[in-house]
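Novice: My questions all concern the structure below.
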Amino acid sequence: MKLMTQFKITGLALVLSAAATAAFAQSSQTGTQEDRADEATGVDVDIFADDTITGSTGAEVYGNVCAGCHMPDGEGAVGAGAYPALAGNPNLEFAEYPIYIVVQGQRGMPGFGDLLTDEQIVAVVEYLQTDLNDYEPNATLEAVAASRPQTEDESSTEEHE
């Protein structure tokens, strides 16, 4: 009986020691995810400041909205989901496609049309085209407006009697 109690105590000590080691290893990583995103995009972003929650430049919007899934340098990731690479992506050459995806979403990616202004969407698409790829920027405010769903008021110009 004494041996069984000692075995339980030793086992518990090992489990607690492993948990403490894992917690220490996790806490000793240098820099936060926010710091690593800042380093990759070259933009110092204070996500708690009212005017920088999503940013106004393409790099800021990308760092705040996109980098968490598509990675700071756009290489994509596979883990809990598959996040396509945006760097070297031929689908981004013409702005209409990425504009539509940013506004409407696709598959597991939510649409950000309700969260971003037309200007922010143009900025982030231009960032995708020029900073993560070597394409000519061709995003326009008109293309963003056309990709947004029309409200009931906008889709009907006739008056009802």
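In the structure tokens, chains take letters A, B, ... by order of appearance, with residues numbered from 1 within each chain and ligands from 1 in the order shown.
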With a distance cut-off of 6 Å and only C-alpha atoms, select the neighbouring residues of stretch 91-99 of chain A, excluding the residue or stretch itself and same-chain residues fewer than 6 positions from it, and output the selection as a PDB file with N, CA, C and O atoms, in the first residue's frame.
Specialist:
ATOM      1  N   TYR A 135       2.618  42.586 -59.132  1.00  0.00           N
ATOM      2  CA  TYR A 135       1.566  42.969 -60.073  1.00  0.00           C
ATOM      3  C   TYR A 135       1.364  44.479 -60.039  1.00  0.00           C
ATOM      4  O   TYR A 135       1.676  45.144 -59.052  1.00  0.00           O
ATOM      5  N   ASN A 138      -4.374  47.621 -59.419  1.00  0.00           N
ATOM      6  CA  ASN A 138      -5.501  48.043 -60.253  1.00  0.00           C
ATOM      7  C   ASN A 138      -6.830  48.006 -59.504  1.00  0.00           C
ATOM      8  O   ASN A 138      -7.876  47.893 -60.106  1.00  0.00           O
ATOM      9  N   ALA A 139      -6.789  48.135 -58.181  1.00  0.00           N
ATOM     10  CA  ALA A 139      -8.014  48.181 -57.387  1.00  0.00           C
ATOM     11  C   ALA A 139      -8.602  49.585 -57.447  1.00  0.00           C
ATOM     12  O   ALA A 139      -7.870  50.569 -57.431  1.00  0.00           O
TER      13      ALA A 139
END
Novice: Between A:Pro90, A:Pro149, A:Pro84, A:Pro137, which is the closest to A:Ala67 once you count only C-alpha atoms?
Specialist: A:Pro84
Novice: For A:Glu126, list every protein, DNA or RNA residue within 7 Å, evaluated using only C-alpha atoms, and leave out those in the same chain fewer than 3 positions away; present the list as a list of chain:residue names.
Specialist: A:Gly58, A:Val122, A:Ala123, A:Gln129, A:Thr130, A:Pro137, A:Ala139
